[in-house]
$ cat protein25.txt   # compact mmCIF, C-alpha atoms
# COMPACT_ATOMS: atom_id res chain seq x y z
CA MET S 1 -1.42 -11.02 -11.20
CA ASP S 2 -4.94 -9.67 -11.14
CA ARG S 3 -5.74 -9.28 -7.47
CA ILE S 4 -4.92 -6.10 -5.63
CA PRO S 5 -3.58 -6.81 -2.13
CA ILE S 6 -5.45 -5.45 0.89
CA LEU S 7 -3.26 -4.57 3.85
CA GLN S 8 -4.71 -4.54 7.35
CA MET S 9 -3.43 -2.05 9.89
CA GLY S 10 -5.48 -2.28 13.06
CA GLN S 11 -9.01 -1.16 12.23
CA VAL S 12 -8.06 0.13 8.81
CA LEU S 13 -7.71 -1.66 5.48
CA LEU S 14 -5.31 -0.08 3.00
CA VAL S 15 -5.42 -0.58 -0.75
CA THR S 16 -2.92 0.94 -3.17
CA ILE S 17 -4.18 1.02 -6.73
CA GLN S 18 -1.24 0.90 -9.12
CA VAL S 19 -2.60 -0.61 -12.28
CA ASP S 20 -5.15 0.64 -14.71
CA MET S 21 -8.32 -1.01 -13.51
CA GLN S 22 -10.00 -3.57 -15.72
CA ASP S 23 -13.51 -4.84 -15.08
CA GLN S 24 -12.26 -8.12 -13.62
CA THR S 25 -9.75 -6.47 -11.31
CA ALA S 26 -12.33 -3.98 -10.08
CA LEU S 27 -14.92 -6.65 -9.37
CA ALA S 28 -12.34 -8.84 -7.62
CA LEU S 29 -11.28 -5.86 -5.48
CA GLN S 30 -14.88 -5.13 -4.47
CA ASP S 31 -15.40 -8.79 -3.52
CA ASP S 32 -12.14 -9.06 -1.62
CA LEU S 33 -12.74 -5.81 0.26
CA ALA S 34 -16.28 -6.79 1.25
CA ASN S 35 -15.04 -10.15 2.54
CA LYS S 36 -12.11 -8.59 4.34
CA ILE S 37 -14.30 -5.99 6.06
CA ALA S 38 -16.68 -8.73 7.17
CA THR S 39 -13.98 -11.07 8.49
CA SER S 40 -11.71 -8.44 10.04
CA GLY S 41 -14.36 -6.09 11.42
CA ALA S 42 -12.40 -3.17 10.00
CA LYS S 43 -13.96 0.26 10.46
CA GLY S 44 -12.13 2.12 7.76
CA VAL S 45 -10.92 1.64 4.21
CA LEU S 46 -8.16 3.79 2.68
CA ILE S 47 -7.75 3.66 -1.08
CA ASP S 48 -4.59 5.29 -2.42
CA ILE S 49 -4.81 6.36 -6.05
CA SER S 50 -1.63 8.43 -6.22
CA ALA S 51 -0.35 6.19 -9.02
CA LEU S 52 -3.37 6.79 -11.23
CA GLU S 53 -2.92 9.39 -13.92
CA ILE S 54 -6.41 8.93 -15.26
CA VAL S 55 -9.63 8.47 -13.33
CA ASP S 56 -12.46 7.91 -15.78
CA SER S 57 -16.10 7.24 -15.13
CA PHE S 58 -15.43 3.52 -14.74
CA VAL S 59 -12.92 4.03 -11.94
CA GLY S 60 -15.18 6.70 -10.45
CA ARG S 61 -18.08 4.24 -10.36
CA MET S 62 -15.86 1.60 -8.83
CA LEU S 63 -14.75 3.96 -6.04
CA GLY S 64 -18.38 4.88 -5.43
CA GLY S 65 -19.33 1.20 -5.37
CA ILE S 66 -16.65 0.35 -2.83
CA SER S 67 -17.73 3.29 -0.65
CA GLY S 68 -21.33 2.09 -0.78
CA ILE S 69 -20.49 -1.51 0.06
CA SER S 70 -18.22 -0.44 2.93
CA ARG S 71 -20.90 1.85 4.31
CA ILE S 72 -23.41 -0.98 4.47
CA LEU S 73 -20.79 -3.08 6.25
CA ASP S 74 -20.27 -0.20 8.70
CA ALA S 75 -16.90 1.00 7.46
CA VAL S 76 -15.90 4.43 6.19
CA THR S 77 -13.99 4.74 2.91
CA VAL S 78 -11.53 7.52 2.18
CA VAL S 79 -9.82 7.93 -1.19
CA VAL S 80 -6.37 9.49 -0.81
CA GLY S 81 -3.49 10.75 -2.92
CA MET S 82 -5.41 11.98 -5.93
CA GLN S 83 -3.11 13.87 -8.32
CA PRO S 84 -4.13 17.51 -8.86
CA ALA S 85 -4.43 16.95 -12.61
CA VAL S 86 -6.85 14.10 -11.96
CA ALA S 87 -9.04 16.31 -9.79
CA ILE S 88 -9.08 18.97 -12.51
CA THR S 89 -10.03 16.45 -15.19
CA LEU S 90 -12.76 14.95 -13.00
CA VAL S 91 -14.42 18.31 -12.54
CA GLU S 92 -14.06 19.14 -16.23
CA LEU S 93 -15.73 15.84 -17.07
CA GLY S 94 -18.51 16.56 -14.61
CA LEU S 95 -17.61 13.53 -12.47
CA SER S 96 -18.01 14.61 -8.88
CA LEU S 97 -17.30 11.28 -7.11
CA GLU S 98 -20.62 11.48 -5.23
CA GLY S 99 -20.49 9.77 -1.86
CA VAL S 100 -16.74 9.30 -1.96
CA ARG S 101 -14.72 10.97 0.78
CA THR S 102 -11.24 12.15 -0.07
CA ALA S 103 -8.11 13.27 1.76
CA LEU S 104 -4.79 14.64 0.55
CA ASN S 105 -2.63 11.72 1.59
CA VAL S 106 -2.60 8.55 3.70
CA GLU S 107 -1.78 10.39 6.92
CA ARG S 108 -4.68 12.83 6.54
CA GLY S 109 -6.92 9.94 5.56
CA MET S 110 -5.95 8.11 8.74
CA GLU S 111 -6.75 11.21 10.79
CA LEU S 112 -10.13 11.48 9.10
CA LEU S 113 -10.90 7.85 9.91
CA ALA S 114 -9.79 8.29 13.51
CA GLN S 115 -12.05 11.33 13.90
CA SER S 116 -14.94 9.50 12.29
CA ARG S 117 -14.63 6.73 14.85
CA LYS S 118 -14.44 9.12 17.79
CA GLY S 119 -17.06 11.65 16.96
CA ASN S 120 -19.86 11.25 14.57
CA LEU S 121 -18.52 13.24 11.69
CA PHE S 122 -19.87 10.67 9.32
CA ALA S 123 -23.45 10.61 10.56
CA ARG S 124 -25.56 9.28 7.75
CA MET J 1 2.53 3.22 -15.29
CA ASP J 2 5.99 2.19 -14.20
CA ARG J 3 6.49 3.87 -10.86
CA ILE J 4 5.47 2.19 -7.65
CA PRO J 5 3.88 4.64 -5.19
CA ILE J 6 5.48 5.18 -1.79
CA LEU J 7 3.06 5.99 1.02
CA GLN J 8 4.23 7.89 4.06
CA MET J 9 2.73 7.14 7.45
CA GLY J 10 4.52 9.09 10.13
CA GLN J 11 8.08 7.80 10.31
CA VAL J 12 7.36 4.83 8.06
CA LEU J 13 7.31 4.52 4.28
CA LEU J 14 5.06 1.80 2.87
CA VAL J 15 5.48 0.20 -0.53
CA THR J 16 3.14 -2.46 -1.92
CA ILE J 17 4.65 -4.41 -4.77
CA GLN J 18 1.91 -5.67 -7.06
CA VAL J 19 3.54 -6.09 -10.42
CA ASP J 20 6.25 -8.39 -11.59
CA MET J 21 9.35 -6.27 -11.24
CA GLN J 22 11.24 -5.27 -14.35
CA ASP J 23 14.72 -3.79 -14.22
CA GLN J 24 13.41 -0.27 -14.88
CA THR J 25 10.71 -0.46 -12.23
CA ALA J 26 13.12 -1.84 -9.66
CA LEU J 27 15.72 0.87 -10.32
CA ALA J 28 13.04 3.58 -10.22
CA LEU J 29 11.78 2.23 -6.90
CA GLN J 30 15.27 2.23 -5.40
CA ASP J 31 15.81 5.82 -6.55
CA ASP J 32 12.41 7.01 -5.34
CA LEU J 33 12.79 5.32 -1.97
CA ALA J 34 16.27 6.76 -1.40
CA ASN J 35 15.00 10.25 -2.24
CA LYS J 36 11.91 9.85 -0.10
CA ILE J 37 13.91 8.63 2.92
CA ALA J 38 16.26 11.59 2.54
CA THR J 39 13.52 14.22 2.18
CA SER J 40 11.09 12.79 4.75
CA GLY J 41 13.58 11.62 7.34
CA ALA J 42 11.67 8.35 7.61
CA LYS J 43 13.12 5.76 9.96
CA GLY J 44 11.44 2.68 8.56
CA VAL J 45 10.52 1.15 5.22
CA LEU J 46 7.85 -1.55 4.91
CA ILE J 47 7.72 -3.50 1.66
CA ASP J 48 4.64 -5.66 1.18
CA ILE J 49 5.13 -8.52 -1.27
CA SER J 50 1.91 -10.43 -0.54
CA ALA J 51 0.89 -10.09 -4.18
CA LEU J 52 4.05 -11.71 -5.47
CA GLU J 53 3.75 -15.38 -6.35
CA ILE J 54 7.34 -15.63 -7.48
CA VAL J 55 10.41 -14.11 -5.87
CA ASP J 56 13.43 -14.90 -7.99
CA SER J 57 17.05 -13.92 -7.54
CA PHE J 58 16.41 -10.59 -9.29
CA VAL J 59 13.70 -9.56 -6.84
CA GLY J 60 15.77 -10.94 -3.98
CA ARG J 61 18.72 -8.76 -5.03
CA MET J 62 16.42 -5.76 -5.35
CA LEU J 63 15.08 -6.26 -1.82
CA GLY J 64 18.63 -6.62 -0.54
CA GLY J 65 19.63 -3.46 -2.41
CA ILE J 66 16.79 -1.44 -0.93
CA SER J 67 17.65 -2.71 2.56
CA GLY J 68 21.26 -1.70 2.06
CA ILE J 69 20.43 1.76 0.77
CA SER J 70 17.95 2.36 3.58
CA ARG J 71 20.46 1.24 6.18
CA ILE J 72 23.01 3.77 4.96
CA LEU J 73 20.32 6.45 5.11
CA ASP J 74 19.56 5.34 8.69
CA ALA J 75 16.25 3.59 8.06
CA VAL J 76 15.28 -0.02 8.78
CA THR J 77 13.62 -2.09 6.04
CA VAL J 78 11.17 -4.88 6.76
CA VAL J 79 9.71 -7.09 4.03
CA VAL J 80 6.21 -8.29 4.93
CA GLY J 81 3.47 -10.55 3.63
CA MET J 82 5.56 -13.18 1.91
CA GLN J 83 3.43 -16.10 0.77
CA PRO J 84 4.42 -19.44 2.36
CA ALA J 85 5.00 -20.98 -1.07
CA VAL J 86 7.43 -18.17 -1.89
CA ALA J 87 9.41 -18.82 1.30
CA ILE J 88 9.59 -22.53 0.45
CA THR J 89 10.80 -21.82 -3.07
CA LEU J 90 13.39 -19.31 -1.85
CA VAL J 91 14.94 -21.87 0.47
CA GLU J 92 14.84 -24.56 -2.19
CA LEU J 93 16.63 -22.19 -4.55
CA GLY J 94 19.19 -21.40 -1.89
CA LEU J 95 18.22 -17.73 -1.81
CA SER J 96 18.31 -16.66 1.81
CA LEU J 97 17.55 -12.94 1.45
CA GLU J 98 20.70 -12.01 3.35
CA GLY J 99 20.36 -8.77 5.25
CA VAL J 100 16.63 -8.49 4.63
CA ARG J 101 14.37 -8.46 7.69
CA THR J 102 10.96 -10.01 7.36
CA ALA J 103 7.67 -10.04 9.26
CA LEU J 104 4.42 -11.92 8.74
CA ASN J 105 2.25 -8.93 7.87
CA VAL J 106 2.13 -5.15 7.92
CA GLU J 107 1.02 -4.98 11.56
CA ARG J 108 3.88 -7.16 12.78
CA GLY J 109 6.25 -5.20 10.55
CA MET J 110 5.09 -1.95 12.15
CA GLU J 111 5.67 -3.45 15.62
CA LEU J 112 9.16 -4.52 14.60
CA LEU J 113 9.95 -1.00 13.36
CA ALA J 114 8.54 0.55 16.54
CA GLN J 115 10.72 -1.74 18.67
CA SER J 116 13.75 -1.01 16.55
CA ARG J 117 13.31 2.71 17.18
CA LYS J 118 12.83 2.28 20.91
CA GLY J 119 15.46 -0.25 21.81
CA ASN J 120 18.45 -1.14 19.81
CA LEU J 121 17.26 -4.40 18.37
CA PHE J 122 18.85 -3.50 15.11
CA ALA J 123 22.31 -2.70 16.35
CA ARG J 124 24.66 -3.01 13.44

$ encode --input "protein25.txt" --output "structure tokens"
Amino acid sequence: MDRIPILQMGQVLLVTIQVDMQDQTALALQDDLANKIATSGAKGVLIDISALEIVDSFVGRMLGGISGISRILDAVTVVVGMQPAVAITLVELGLSLEGVRTALNVERGMELLAQSRKGNLFAR
Amino acid sequence: MDRIPILQMGQVLLVTIQVDMQDQTALALQDDLANKIATSGAKGVLIDISALEIVDSFVGRMLGGISGISRILDAVTVVVGMQPAVAITLVELGLSLEGVRTALNVERGMELLAQSRKGNLFAR
């Protein structure tokens, strides 16, 4: 099982990352998300990483890549559920997740996406 | 990584099953869900199994178990995203998922939960 399911809820696509990402899985996820945004017209992507105990530079790059692809396809990406220890390690490693928006949990992420659609909080 | 994350969205808990379930994982999920329903007061549980290509009697029993536990804790469980091939195999195997409600996808599952809270569609 090497494809991560993408759940659609209205204008938002939700992805829960539960497995340690391998290159193949990450590339497949990027592909699938890009296609799903294009076919569904979704305006937001929520990526839950609460199950991840380690976020290394590879995963960081992948999150950045997904954010970039979504942005071009006119969707906003929010990464939610990061464990406090992961945030600490990221900063210690000097990985700042440039261009990746974050929120505490799915609910806050949803609020952020709703605001971004109403106002223009995400002017680029 | 042997715990499946549970996402809370308002009154609904969402679980995406992506890995082949082992006994340990299934038991941990049941425990976690029961605790989360109790602490959050959630009224609905959505379990997405779109990533599963095989649902055997073990997984079927687990889904039934979760439904039963949720019911006692006053929450409704809906299993969503079942692949057509899985449904065909289940029937061929004579596994009918007794007591487990299903919906085509997360959106329909959400609607079902909303209705169940409004009316009394799920009178027991």

$ interface_residues --input "protein25.txt" --of "chain S" --to "chain J" --cutoff "10 Å" --atoms "only C-alpha atoms" --output "mmCIF file with C-alpha atoms, in the frame of the given file"
data_model
loop_
_atom_site.group_PDB
_atom_site.id
_atom_site.type_symbol
_atom_site.label_atom_id
_atom_site.label_comp_id
_atom_site.auth_asym_id
_atom_site.auth_seq_id
_atom_site.Cartn_x
_atom_site.Cartn_y
_atom_site.Cartn_z
ATOM 1 C CA MET S 1 -1.420 -11.020 -11.200
ATOM 2 C CA ASP S 2 -4.940 -9.670 -11.140
ATOM 3 C CA ARG S 3 -5.740 -9.280 -7.470
ATOM 4 C CA ILE S 4 -4.920 -6.100 -5.630
ATOM 5 C CA PRO S 5 -3.580 -6.810 -2.130
ATOM 6 C CA ILE S 6 -5.450 -5.450 0.890
ATOM 7 C CA LEU S 7 -3.260 -4.570 3.850
ATOM 8 C CA GLN S 8 -4.710 -4.540 7.350
ATOM 9 C CA MET S 9 -3.430 -2.050 9.890
ATOM 10 C CA GLY S 10 -5.480 -2.280 13.060
ATOM 11 C CA VAL S 15 -5.420 -0.580 -0.750
ATOM 12 C CA THR S 16 -2.920 0.940 -3.170
ATOM 13 C CA ILE S 17 -4.180 1.020 -6.730
ATOM 14 C CA GLN S 18 -1.240 0.900 -9.120
ATOM 15 C CA VAL S 19 -2.600 -0.610 -12.280
ATOM 16 C CA ASP S 20 -5.150 0.640 -14.710
ATOM 17 C CA ASP S 48 -4.590 5.290 -2.420
ATOM 18 C CA ILE S 49 -4.810 6.360 -6.050
ATOM 19 C CA SER S 50 -1.630 8.430 -6.220
ATOM 20 C CA ALA S 51 -0.350 6.190 -9.020
ATOM 21 C CA LEU S 52 -3.370 6.790 -11.230
ATOM 22 C CA GLU S 53 -2.920 9.390 -13.920
ATOM 23 C CA GLY S 81 -3.490 10.750 -2.920
ATOM 24 C CA ASN S 105 -2.630 11.720 1.590
ATOM 25 C CA VAL S 106 -2.600 8.550 3.700
ATOM 26 C CA GLU S 107 -1.780 10.390 6.920
ATOM 27 C CA ARG S 108 -4.680 12.830 6.540
ATOM 28 C CA MET S 110 -5.950 8.110 8.740
#

$ atom_distance --input "protein25.txt" --atom1 "atom CA of Met21 of chain J" --atom2 "atom CA of Phe58 of chain J"
8.5 Å

$ residues_around --input "protein25.txt" --residues "Leu112 of chain S" --least-positions-apart "2" --cutoff "12 Å" --atoms "all atoms listed in the file" --output "short mmCIF file (atom, residue, chain, number, x, y, z; two decimals) with C-alpha atoms, keeping the file's coordinate frame"
data_model
loop_
_atom_site.label_atom_id
_atom_site.label_comp_id
_atom_site.auth_asym_id
_atom_site.auth_seq_id
_atom_site.Cartn_x
_atom_site.Cartn_y
_atom_site.Cartn_z
CA VAL S 12 -8.06 0.13 8.81
CA LYS S 43 -13.96 0.26 10.46
CA GLY S 44 -12.13 2.12 7.76
CA VAL S 45 -10.92 1.64 4.21
CA LEU S 46 -8.16 3.79 2.68
CA VAL S 76 -15.90 4.43 6.19
CA THR S 77 -13.99 4.74 2.91
CA VAL S 78 -11.53 7.52 2.18
CA VAL S 79 -9.82 7.93 -1.19
CA VAL S 80 -6.37 9.49 -0.81
CA ARG S 101 -14.72 10.97 0.78
CA THR S 102 -11.24 12.15 -0.07
CA ALA S 103 -8.11 13.27 1.76
CA LEU S 104 -4.79 14.64 0.55
CA ASN S 105 -2.63 11.72 1.59
CA VAL S 106 -2.60 8.55 3.70
CA GLU S 107 -1.78 10.39 6.92
CA ARG S 108 -4.68 12.83 6.54
CA GLY S 109 -6.92 9.94 5.56
CA MET S 110 -5.95 8.11 8.74
CA ALA S 114 -9.79 8.29 13.51
CA GLN S 115 -12.05 11.33 13.90
CA SER S 116 -14.94 9.50 12.29
CA ARG S 117 -14.63 6.73 14.85
CA LYS S 118 -14.44 9.12 17.79
CA GLY S 119 -17.06 11.65 16.96
CA ASN S 120 -19.86 11.25 14.57
CA LEU S 121 -18.52 13.24 11.69
CA PHE S 122 -19.87 10.67 9.32
#

$ atom_distance --input "protein25.txt" --atom1 "atom CA of Ala85 of chain S" --atom2 "atom CA of Leu63 of chain S"
17.8 Å

$ atom_distance --input "protein25.txt" --atom1 "atom CA of Ile66 of chain J" --atom2 "atom CA of Gln30 of chain J"
6.0 Å

$ residues_around --input "protein25.txt" --residues "Asp56 of chain J" --least-positions-apart "5" --cutoff "10 Å" --atoms "all atoms listed in the file" --output "mmCIF file with C-alpha atoms, in the frame of the given file"
data_model
loop_
_atom_site.group_PDB
_atom_site.id
_atom_site.type_symbol
_atom_site.label_atom_id
_atom_site.label_comp_id
_atom_site.auth_asym_id
_atom_site.auth_seq_id
_atom_site.Cartn_x
_atom_site.Cartn_y
_atom_site.Cartn_z
ATOM 1 C CA ARG J 61 18.720 -8.760 -5.030
ATOM 2 C CA MET J 62 16.420 -5.760 -5.350
ATOM 3 C CA VAL J 86 7.430 -18.170 -1.890
ATOM 4 C CA THR J 89 10.800 -21.820 -3.070
ATOM 5 C CA LEU J 90 13.390 -19.310 -1.850
ATOM 6 C CA LEU J 93 16.630 -22.190 -4.550
ATOM 7 C CA LEU J 95 18.220 -17.730 -1.810
#

$ axis_aligned_box --input "protein25.txt" --around "segment 15-32 of chain S" --padding-each-side "6 Å" --output "AutoDock Vina command-line options"
--center_x -8.3 --center_y -4.0 --center_z -8.2 --size_x 26.2 --size_y 22.1 --size_z 27.0

$ build_atoms --input "protein25.txt" --residues "segment 99-110 of chain J" --atoms "all heavy atoms" --output "mmCIF file, keeping the file's coordinate frame"
data_model
loop_
_atom_site.group_PDB
_atom_site.id
_atom_site.type_symbol
_atom_site.label_atom_id
_atom_site.label_comp_id
_atom_site.auth_asym_id
_atom_site.auth_seq_id
_atom_site.Cartn_x
_atom_site.Cartn_y
_atom_site.Cartn_z
ATOM 1 N N GLY J 99 20.447 -10.185 4.890
ATOM 2 C CA GLY J 99 20.360 -8.770 5.250
ATOM 3 C C GLY J 99 18.982 -8.166 5.081
ATOM 4 O O GLY J 99 18.812 -6.960 5.234
ATOM 5 N N VAL J 100 17.987 -9.011 4.759
ATOM 6 C CA VAL J 100 16.630 -8.490 4.630
ATOM 7 C C VAL J 100 15.805 -8.991 5.812
ATOM 8 O O VAL J 100 15.696 -10.194 6.034
ATOM 9 C CB VAL J 100 15.983 -8.971 3.303
ATOM 10 C CG1 VAL J 100 14.560 -8.477 3.199
ATOM 11 C CG2 VAL J 100 16.806 -8.509 2.119
ATOM 12 N N ARG J 101 15.235 -8.068 6.575
ATOM 13 C CA ARG J 101 14.370 -8.460 7.690
ATOM 14 C C ARG J 101 12.974 -8.729 7.183
ATOM 15 O O ARG J 101 12.506 -8.056 6.267
ATOM 16 C CB ARG J 101 14.310 -7.347 8.728
ATOM 17 C CG ARG J 101 15.571 -7.228 9.503
ATOM 18 C CD ARG J 101 15.656 -5.919 10.253
ATOM 19 N NE ARG J 101 17.047 -5.590 10.463
ATOM 20 C CZ ARG J 101 17.820 -6.259 11.317
ATOM 21 N NH1 ARG J 101 17.328 -7.233 12.023
ATOM 22 N NH2 ARG J 101 19.087 -5.935 11.447
ATOM 23 N N THR J 102 12.309 -9.685 7.805
ATOM 24 C CA THR J 102 10.960 -10.010 7.360
ATOM 25 C C THR J 102 10.005 -10.058 8.545
ATOM 26 O O THR J 102 10.416 -10.236 9.690
ATOM 27 C CB THR J 102 10.925 -11.385 6.654
ATOM 28 O OG1 THR J 102 11.535 -12.353 7.503
ATOM 29 C CG2 THR J 102 11.660 -11.351 5.332
ATOM 30 N N ALA J 103 8.711 -9.870 8.248
ATOM 31 C CA ALA J 103 7.670 -10.040 9.260
ATOM 32 C C ALA J 103 6.445 -10.597 8.553
ATOM 33 O O ALA J 103 6.306 -10.479 7.334
ATOM 34 C CB ALA J 103 7.352 -8.700 9.930
ATOM 35 N N LEU J 104 5.548 -11.204 9.331
ATOM 36 C CA LEU J 104 4.420 -11.920 8.740
ATOM 37 C C LEU J 104 3.493 -10.990 7.960
ATOM 38 O O LEU J 104 3.068 -11.293 6.852
ATOM 39 C CB LEU J 104 3.631 -12.645 9.837
ATOM 40 C CG LEU J 104 2.582 -13.632 9.344
ATOM 41 C CD1 LEU J 104 3.228 -14.775 8.584
ATOM 42 C CD2 LEU J 104 1.760 -14.154 10.515
ATOM 43 N N ASN J 105 3.170 -9.864 8.544
ATOM 44 C CA ASN J 105 2.250 -8.930 7.870
ATOM 45 C C ASN J 105 2.579 -7.495 8.262
ATOM 46 O O ASN J 105 3.505 -7.256 9.046
ATOM 47 C CB ASN J 105 0.792 -9.279 8.212
ATOM 48 C CG ASN J 105 0.569 -9.348 9.707
ATOM 49 O OD1 ASN J 105 1.165 -8.579 10.459
ATOM 50 N ND2 ASN J 105 -0.277 -10.263 10.149
ATOM 51 N N VAL J 106 1.825 -6.566 7.715
ATOM 52 C CA VAL J 106 2.130 -5.150 7.920
ATOM 53 C C VAL J 106 2.108 -4.788 9.408
ATOM 54 O O VAL J 106 2.982 -4.071 9.898
ATOM 55 C CB VAL J 106 1.114 -4.259 7.163
ATOM 56 C CG1 VAL J 106 1.365 -2.797 7.467
ATOM 57 C CG2 VAL J 106 1.252 -4.478 5.673
ATOM 58 N N GLU J 107 1.116 -5.324 10.134
ATOM 59 C CA GLU J 107 1.020 -4.980 11.560
ATOM 60 C C GLU J 107 2.260 -5.411 12.327
ATOM 61 O O GLU J 107 2.819 -4.650 13.108
ATOM 62 C CB GLU J 107 -0.234 -5.608 12.162
ATOM 63 C CG GLU J 107 -1.493 -4.884 11.719
ATOM 64 C CD GLU J 107 -2.754 -5.492 12.298
ATOM 65 O OE1 GLU J 107 -2.833 -6.738 12.331
ATOM 66 O OE2 GLU J 107 -3.636 -4.739 12.697
ATOM 67 N N ARG J 108 2.680 -6.674 12.081
ATOM 68 C CA ARG J 108 3.880 -7.160 12.780
ATOM 69 C C ARG J 108 5.110 -6.360 12.322
ATOM 70 O O ARG J 108 6.016 -6.101 13.110
ATOM 71 C CB ARG J 108 4.106 -8.639 12.452
ATOM 72 C CG ARG J 108 2.942 -9.527 12.872
ATOM 73 C CD ARG J 108 3.304 -10.333 14.086
ATOM 74 N NE ARG J 108 2.227 -11.249 14.406
ATOM 75 C CZ ARG J 108 2.337 -12.578 14.331
ATOM 76 N NH1 ARG J 108 3.460 -13.127 13.972
ATOM 77 N NH2 ARG J 108 1.317 -13.342 14.646
ATOM 78 N N GLY J 109 5.139 -5.992 11.054
ATOM 79 C CA GLY J 109 6.250 -5.200 10.550
ATOM 80 C C GLY J 109 6.333 -3.854 11.252
ATOM 81 O O GLY J 109 7.411 -3.385 11.628
ATOM 82 N N MET J 110 5.151 -3.240 11.439
ATOM 83 C CA MET J 110 5.090 -1.950 12.150
ATOM 84 C C MET J 110 5.618 -2.110 13.581
ATOM 85 O O MET J 110 6.382 -1.268 14.067
ATOM 86 C CB MET J 110 3.636 -1.470 12.221
ATOM 87 C CG MET J 110 3.111 -0.949 10.902
ATOM 88 S SD MET J 110 3.700 0.732 10.579
ATOM 89 C CE MET J 110 2.579 1.223 9.277
#
